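Below is one structure; the comments refer to it alone.
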Amino acid sequence: MNARDPNTADTPVVISSRADAVAPPAHDETNSVRAEPVEAPAHPSTSSGRTGKTERAAGVSRHHESARAQVAGGATYIDDIPEVRGTLHAAPVCSPVAHGKLRGMDAKAALAMPGVRGVFSAVHIPGDPMLAAFAHDEPVFATDTVQFLGQVVALVVADDVMTARRAARLVTLDIEPLPAVINVHEAHAQKSYVLPPVHVKRGDAAAALKRAPHTLQGQFEVGGQEHFYLEGQVAYVLPLEQNQWWVYTSTQHPGEVQHWVSHALGLANHAVTVECRRMGGGFGGKETQAGHLAVWAAIAANQLKCPVKLRLDRDDDFMITGKRHPFAYHYRAGFDDSGLLCGLELEMLANCGFSADLSGPVADRAIFHADNAYFLEDVAIASYRCKTNTQSHTAFRGFGGPQGVIVIERILSDIARRLGLDPLDVRLRNLYSDEPTTGALRQAQGGRGKSVRAEPVKALAQRNVTHYQMPVEDNILEPLMTALAQTSHYRERRDQIAAWNAKSPIIKKGMALTPVKFGISFTATLFNQAGALVHVYTDGSVQVNHGGTEMGQGLNTKVAAIVADELGVPFEQVMSTAADTSKVPNASATAASSGTDLNGRAAQFAARHVRDNLAAFVSGLDGCGAGAVRFEAGQVITPKTTRAFNDVAHAAYANRIQLWSDGFYRTPKIHYDKTTMQGRPFYYFAYGAAVTEVAIDTLTGESRVLKVDILHDVGRSINPAIDIGQIEGGFVQGMGWLTTEQLVWNDKGYLQTHAPSTYKIPATGDIPEHFKIDLWPEPNREDNVHGSKAVGEPPFMLAISVFEALRDAVAQAGGQPEGMNAPGTAEEVLRAVG
């Protein structure tokens, strides 16, 4: 949805760092919230002595840099790149069984088809037959065994796409079936894991549960989710001279694709260049698994010495690629009469599929976010990374965070119903705060595979430290949630819903307000770094290149605005170019919501180096200090004169002044011990909250989202329009995960929901008419670029309010919300209503 006309009702209030911004809420003794006008703060690019307001690129709503080209069909994706003469096309040969011994392959019928150039398998790999993944547990092509239905065994290459696909279906595989593990509970019972279990403890949860006035226990499951990017997985590999390769790929991680391809071909990294101008959506599904296609195409191209393109059709994409990890949970929670948690034991079973992929860090982040917004004083969490004979599940927006957040929100809602309290009051009671703890912590424990005693920690005096020992220093949860409850009229609407339900025997309504506290940074500390290049040309135009990738989220638009402000030129004067491993090497994936944080800061530093060179040059001409030189509105201003930026760039070149520079940034303050699972894995937290109202039909189980009110924290927004779009998109995608997007595997391991006909993402008709988004009016308290905060992943978890509202409606209907699993499809709602 787009930002609405400011004169209409229910308009999203965009609070940014412009002159019409509002100050952070001030709190009086009654905890009321007020907002007052403030002046726009000076931009970080301000030189010494600069005062007043100037035209800025950042902090202003503007179109996505590729919007017009995309609408007009002029934006180039991988499949739009003009094909080099002699390009061939590939299609995968996939396993028809979930588990078995691969005894042979018969490709005679395929090779006999006109136009077929070859069939390639593991025997044609010149380098390592295993992918260069972290766990080194996934073969490029299946060899002795197949481990899921859809695993790629070989590649057919032909003159055109359809011939390759038809020929692939003619290849027969000789497979001796073996028992397949499809169910996560069966995998756990067999101790079938892709990685060792992880246990994190604080205090004594068992003792706390014994002391607790009340306890509850439960179990439930939450399903996976198909990425359903509009542009499917695709790669185009071209051989160059002297055994060098150029790879076009739709990937969130060009550096990893470079590594994987060179590893499979037995080459040094410098022989492979990977380029990605944009993706038609990624959502995590192209963080690692785009690399598979590039490797497969490269192996065929290496054998045939010609360009090869591989584009999966939607059915194959569903069957081959991994999803969001499905989770199963079992928990015991203790609490007092006010709903305050006294102790928690939580078991998480992550369905990882047949290989590790990114399951380790995904499951770790689920542990980190099992607290969400709430202090857990005595807690024991066990995480099991289960191996099943299904697709290898992978990164997905939130990266395990949603699977952690949903369990604690479920527990608090059930506590509220048990005690007859409003769920919002129970949530507010459990928030992180500066209140004293109920008792000193005796020890902190954590480890992998088994509990490992950590060094004793100082007893905590306040409820402001996470269970992994990170202080929550930027906490705005209570004022944010309270403000949203007021502006959404939460209390009044609860009464109205109760009155409606008393009179409506069939249609029942429910409502929930849930928060999110999401940690921003890669939990793998080494990935929290970025590089960028900024080039100023002699006509004053500017080009920026960085290690991030554009997947529709507006990264290049934000980075261009940051660079424009640093140099004091109009936004239109800056151009962002394709991600390219030959320009910025060793770049991290565009993931973990850190794209702008990392690459924007690196680009800012690169632009600052160029600006400093120009300032030194101009100060020499005018006999002033470099600090007195200002760059703004396309001009370079000194106490003596004003020059056009374009003229200064031309003159600087004539005087042999460097007009390009690199920039490098690494996230400060973070440290994290993977052995003890303790430290500060995140630079800061992003916060938000959502109020969702739903209605269910108790005769059919059908549901509809009626109203959504969101108050979200993006810091000082670099581009409010893009940030609101990310909040809307994240929320709707999360709503789909928890309502209609159901993945169903049968007992043979066949994914039955492998096409739009059987797998249902939200459509325009699912968007509520009342969809109101406000931005929290406070800059990031940490020194982040422009005072902004990440916005890609945190809004996804706001949609947990939809699921909790559905469970509230089920409870209002006299059903059993404690038994509901996610997604809350019509069948699931009807089952819970009873």
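To be explicit about the labels: the chains of the structure tokens are called A, B, and onward in the order shown, and within each one the residues are counted from 1, while ligands get numbers from 1 in the order they are shown.
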
Please provide as a ChimeraX atom specification all residues within 6 Å of Thr825 in chain A, with the sequence filter that same-chain residues fewer than 2 positions apart are discarded (counting only C-alpha atoms). /A:739-740,823,827-828

Surrounding residues of Met130 in chain A excluding itself and chain neighbours under 3 positions, 10 Å, only C-alpha atoms, as a ChimeraX atom specification: /A:122,125,127,133,136-142,260,263-264

With only C-alpha atoms as the counted atoms, please give the residues lying no more than 7 Å from range 534-547 of chain A, apart from itself and same-chain residues fewer than 6 positions off, as an NGL selection string. :A and (573-579 or 584 or 587 or 599 or 603 or 606-607 or 645-646 or 649-650 or 653 or 659-662)

Near Pro177 in chain A, counting only C-alpha atoms, which residues have an atom at most 9 Å away, once you skip same-chain residues fewer than 4 positions from it, shown as a ChimeraX atom specification? /A:97-102

Mind checking which residues fall within 10 Å of range 521-533 of chain A, counting only C-alpha atoms, ignoring those fewer than 6 positions away in the same chain, and posting them as a PyMOL selection string? chain A and resi 361-362+364-365+368+543-548+583-589+591-595+597-607+660-668+670-674+680-685+790

Mind checking which residues fall within 6 Å of Met348 in chain A, counting only C-alpha atoms, ignoring those fewer than 4 positions away in the same chain, and posting them as JSON, numbers by chain? {"A": [328, 329, 383]}

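Residue nearest Cys342 in chain A, chosen from A:Glu231, A:Asp434, A:Glu778, A:Asp378 and counting only C-alpha atoms: A:Asp378.
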
Please determine, counting only C-alpha atoms, which residue among A:Phe396, A:Phe796, A:Tyr468, A:Tyr384 has the shortest atom-to-atom distance to Gln190 in chain A. A:Tyr384

Would you list, as a ChimeraX atom specification, the residues of range 78-260 of chain A that end up in strand (DSSP E or B) under DSSP run on this structure's backbone? /A:88-94,100-106,116-120,130,139,145-146,152-158,172-177,193,198-202,214-222,234-239,245-249

Requested write-out: C-alpha atoms of the selected residues, as a JSON list (two decimals), in the first residue's frame:
```json
[["chain", "number", "residue", "atom", "x", "y", "z"],
["A", 88, "LEU", "CA", 22.57, -22.66, -24.17],
["A", 89, "HIS", "CA", 19.85, -23.34, -21.62],
["A", 90, "ALA", "CA", 19.74, -25.78, -18.74],
["A", 91, "ALA", "CA", 17.08, -27.64, -16.76],
["A", 92, "PRO", "CA", 17.45, -29.80, -13.64],
["A", 93, "VAL", "CA", 16.93, -33.53, -13.28],
["A", 94, "CYS", "CA", 15.37, -34.03, -9.84],
["A", 100, "GLY", "CA", 17.24, -43.55, -1.37],
["A", 101, "LYS", "CA", 20.43, -45.04, -2.82],
["A", 102, "LEU", "CA", 21.23, -43.61, -6.24],
["A", 103, "ARG", "CA", 22.32, -46.65, -8.26],
["A", 104, "GLY", "CA", 22.41, -45.13, -11.73],
["A", 105, "MET", "CA", 21.06, -42.73, -14.32],
["A", 106, "ASP", "CA", 19.86, -43.35, -17.88],
["A", 116, "VAL", "CA", 20.19, -31.46, -26.51],
["A", 117, "ARG", "CA", 23.90, -30.75, -25.99],
["A", 118, "GLY", "CA", 24.67, -32.74, -22.86],
["A", 119, "VAL", "CA", 23.71, -34.12, -19.47],
["A", 120, "PHE", "CA", 26.02, -33.26, -16.60],
["A", 130, "MET", "CA", 30.54, -30.53, -2.14],
["A", 139, "PRO", "CA", 26.69, -32.06, -2.54],
["A", 145, "THR", "CA", 22.17, -41.05, -2.13],
["A", 146, "VAL", "CA", 19.26, -38.71, -2.66],
["A", 152, "VAL", "CA", 19.05, -32.07, -8.23],
["A", 153, "VAL", "CA", 20.95, -35.07, -9.59],
["A", 154, "ALA", "CA", 21.99, -33.74, -12.99],
["A", 155, "LEU", "CA", 21.56, -30.91, -15.46],
["A", 156, "VAL", "CA", 20.33, -31.18, -19.06],
["A", 157, "VAL", "CA", 21.63, -28.52, -21.46],
["A", 158, "ALA", "CA", 19.97, -27.75, -24.79],
["A", 172, "THR", "CA", 15.42, -41.90, -15.60],
["A", 173, "LEU", "CA", 17.02, -42.48, -12.22],
["A", 174, "ASP", "CA", 17.60, -45.89, -10.64],
["A", 175, "ILE", "CA", 16.98, -45.29, -6.91],
["A", 176, "GLU", "CA", 16.57, -47.85, -4.15],
["A", 177, "PRO", "CA", 14.14, -46.27, -1.68],
["A", 193, "TYR", "CA", 20.20, -33.45, 13.60],
["A", 198, "VAL", "CA", 22.08, -25.83, 21.83],
["A", 199, "HIS", "CA", 21.08, -25.09, 25.41],
["A", 200, "VAL", "CA", 20.86, -21.61, 26.94],
["A", 201, "LYS", "CA", 20.06, -21.10, 30.60],
["A", 202, "ARG", "CA", 19.82, -18.28, 33.09],
["A", 214, "HIS", "CA", 0.54, -20.62, 38.69],
["A", 215, "THR", "CA", 1.90, -22.70, 35.83],
["A", 216, "LEU", "CA", 0.80, -23.62, 32.34],
["A", 217, "GLN", "CA", 2.27, -25.86, 29.71],
["A", 218, "GLY", "CA", 1.59, -26.37, 26.06],
["A", 219, "GLN", "CA", 2.85, -27.34, 22.69],
["A", 220, "PHE", "CA", 2.21, -26.08, 19.20],
["A", 221, "GLU", "CA", 3.65, -25.87, 15.72],
["A", 222, "VAL", "CA", 4.23, -23.06, 13.28],
["A", 234, "VAL", "CA", 18.13, -17.70, -12.24],
["A", 235, "ALA", "CA", 21.80, -17.59, -13.24],
["A", 236, "TYR", "CA", 23.63, -16.82, -16.49],
["A", 237, "VAL", "CA", 27.28, -17.88, -16.71],
["A", 238, "LEU", "CA", 29.63, -16.65, -19.45],
["A", 239, "PRO", "CA", 33.16, -17.92, -20.08],
["A", 245, "TRP", "CA", 34.10, -16.38, -15.76],
["A", 246, "TRP", "CA", 31.38, -13.75, -15.57],
["A", 247, "VAL", "CA", 28.30, -14.73, -13.60],
["A", 248, "TYR", "CA", 25.00, -12.87, -13.69],
["A", 249, "THR", "CA", 22.88, -14.05, -10.80]]
```

Give the alpha helix (DSSP H) residues of range 18-238 of chain A, as assigned by DSSP on the backbone, as an NGL selection string. :A and (67-71 or 108-111 or 161-168 or 184-189 or 205-211)

What's around Phe803 in chain A at 9 Å? Count only C-alpha atoms, leave out sequence neighbours fewer than 6 positions away in its own chain, and write the answer as number ranges by chain. A: 406, 512, 735, 738-739, 822-824

Which range 313-334 of chain A residues have any atom within 12 Å of an atom of range 407-413 of chain A, and for each, what is the nearest pair of atoms with distance in Å to one decimal, counting only C-alpha atoms, rows sorted by chain and number, as JSON lines?
```
{"residue": "A:Phe327", "atom": "CA", "partner": "A:Val407", "partner_atom": "CA", "distance": 10.1}
{"residue": "A:Ala328", "atom": "CA", "partner": "A:Val407", "partner_atom": "CA", "distance": 9.8}
{"residue": "A:Tyr329", "atom": "CA", "partner": "A:Val407", "partner_atom": "CA", "distance": 7.8}
{"residue": "A:His330", "atom": "CA", "partner": "A:Val407", "partner_atom": "CA", "distance": 9.4}
{"residue": "A:Tyr331", "atom": "CA", "partner": "A:Ile411", "partner_atom": "CA", "distance": 8.6}
{"residue": "A:Arg332", "atom": "CA", "partner": "A:Ile411", "partner_atom": "CA", "distance": 9.1}
{"residue": "A:Ala333", "atom": "CA", "partner": "A:Ile411", "partner_atom": "CA", "distance": 7.6}
{"residue": "A:Gly334", "atom": "CA", "partner": "A:Ile411", "partner_atom": "CA", "distance": 10.2}
```

Export of prior selection with N, CA, C and O atoms as a PDB file, in the first residue's frame:
```
ATOM      1  N   PHE A 327       8.725 -24.809  12.835  1.00  0.00           N
ATOM      2  CA  PHE A 327       9.152 -25.048  14.221  1.00  0.00           C
ATOM      3  C   PHE A 327       8.047 -25.769  14.978  1.00  0.00           C
ATOM      4  O   PHE A 327       6.861 -25.581  14.709  1.00  0.00           O
ATOM      5  N   ALA A 328       8.472 -26.575  15.935  1.00  0.00           N
ATOM      6  CA  ALA A 328       7.561 -27.163  16.919  1.00  0.00           C
ATOM      7  C   ALA A 328       8.080 -26.809  18.311  1.00  0.00           C
ATOM      8  O   ALA A 328       9.291 -26.718  18.518  1.00  0.00           O
ATOM      9  N   TYR A 329       7.166 -26.617  19.241  1.00  0.00           N
ATOM     10  CA  TYR A 329       7.532 -26.123  20.573  1.00  0.00           C
ATOM     11  C   TYR A 329       6.853 -26.941  21.663  1.00  0.00           C
ATOM     12  O   TYR A 329       5.745 -27.460  21.487  1.00  0.00           O
ATOM     13  N   HIS A 330       7.539 -26.992  22.794  1.00  0.00           N
ATOM     14  CA  HIS A 330       6.932 -27.459  24.036  1.00  0.00           C
ATOM     15  C   HIS A 330       7.423 -26.542  25.139  1.00  0.00           C
ATOM     16  O   HIS A 330       8.610 -26.205  25.181  1.00  0.00           O
ATOM     17  N   TYR A 331       6.523 -26.087  25.997  1.00  0.00           N
ATOM     18  CA  TYR A 331       6.928 -25.110  27.011  1.00  0.00           C
ATOM     19  C   TYR A 331       6.179 -25.321  28.325  1.00  0.00           C
ATOM     20  O   TYR A 331       5.080 -25.894  28.370  1.00  0.00           O
ATOM     21  N   ARG A 332       6.818 -24.872  29.406  1.00  0.00           N
ATOM     22  CA  ARG A 332       6.215 -24.756  30.730  1.00  0.00           C
ATOM     23  C   ARG A 332       6.539 -23.370  31.247  1.00  0.00           C
ATOM     24  O   ARG A 332       7.703 -22.945  31.232  1.00  0.00           O
ATOM     25  N   ALA A 333       5.525 -22.658  31.690  1.00  0.00           N
ATOM     26  CA  ALA A 333       5.711 -21.285  32.167  1.00  0.00           C
ATOM     27  C   ALA A 333       5.086 -21.136  33.547  1.00  0.00           C
ATOM     28  O   ALA A 333       3.996 -21.655  33.811  1.00  0.00           O
ATOM     29  N   GLY A 334       5.803 -20.430  34.432  1.00  0.00           N
ATOM     30  CA  GLY A 334       5.268 -20.090  35.744  1.00  0.00           C
ATOM     31  C   GLY A 334       5.007 -18.597  35.817  1.00  0.00           C
ATOM     32  O   GLY A 334       5.740 -17.801  35.222  1.00  0.00           O
TER      33      GLY A 334
END
```

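Using only C-alpha atoms for every distance, the candidate list A:Gln726, A:Gln242, A:Asn475, A:Thr638 yields A:Asn475 as the residue closest to Ala373 in chain A.
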
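Nearest to Glu550 in chain A of all the residues A:Cys276, A:Ala805, A:Ala67, A:Val472 is A:Cys276, counting only C-alpha atoms.
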
Point-to-point distance in Å for CA of Gly634 in chain A and CA of Gly568 in chain A: 5.7 Å

Per-residue nearest contacts range 206-320 of chain A to range 69-76 of chain A, cut-off 10 Å, using only C-alpha atoms, as a Markdown table:
```
| residue | atom | partner | partner_atom | distance |
| --- | --- | --- | --- | --- |
| A:Arg277 | CA | A:Thr76 | CA | 7.7 |
| A:Arg278 | CA | A:Thr76 | CA | 7.7 |
| A:Met279 | CA | A:Thr76 | CA | 9.3 |
| A:Gly280 | CA | A:Thr76 | CA | 10.0 |
```

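The closest residue to Arg314 in chain A, picked from A:Leu230, A:Leu830, A:Met551, A:Leu267 and counting only C-alpha atoms, is A:Leu230.
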
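Taking only C-alpha atoms into account, Gly688 in chain A lies nearest to A:Lys517 out of the set A:Lys517, A:Arg630, A:Lys286, A:His393.
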
Go through range 374-476 of chain A and flag each residue having an atom no more than 10 Å from range 481-485 of chain A; for those, report the closest pair of atoms plus their distance in Å to one decimal, using only C-alpha atoms, ordered by chain and rising number, as JSON lines.
```
{"residue": "A:Leu424", "atom": "CA", "partner": "A:Ala485", "partner_atom": "CA", "distance": 8.9}
{"residue": "A:Arg427", "atom": "CA", "partner": "A:Met481", "partner_atom": "CA", "distance": 9.6}
{"residue": "A:Leu428", "atom": "CA", "partner": "A:Met481", "partner_atom": "CA", "distance": 8.2}
{"residue": "A:Ile476", "atom": "CA", "partner": "A:Met481", "partner_atom": "CA", "distance": 8.5}
```

Write the selection just made, keeping N, CA and C atoms, as a tab-separated table (two decimals), in the first residue's frame?
```tsv
chain	number	residue	atom	x	y	z
A	424	LEU	N	-2.93	-7.02	27.01
A	424	LEU	CA	-2.02	-5.87	26.97
A	424	LEU	C	-1.43	-5.60	28.34
A	427	ARG	N	1.29	-8.06	29.00
A	427	ARG	CA	2.48	-7.73	28.22
A	427	ARG	C	3.24	-6.55	28.85
A	428	LEU	N	2.53	-5.52	29.21
A	428	LEU	CA	3.18	-4.37	29.83
A	428	LEU	C	3.85	-4.77	31.14
A	476	ILE	N	12.35	1.60	24.39
A	476	ILE	CA	11.22	2.52	24.24
A	476	ILE	C	9.90	1.75	24.23
```
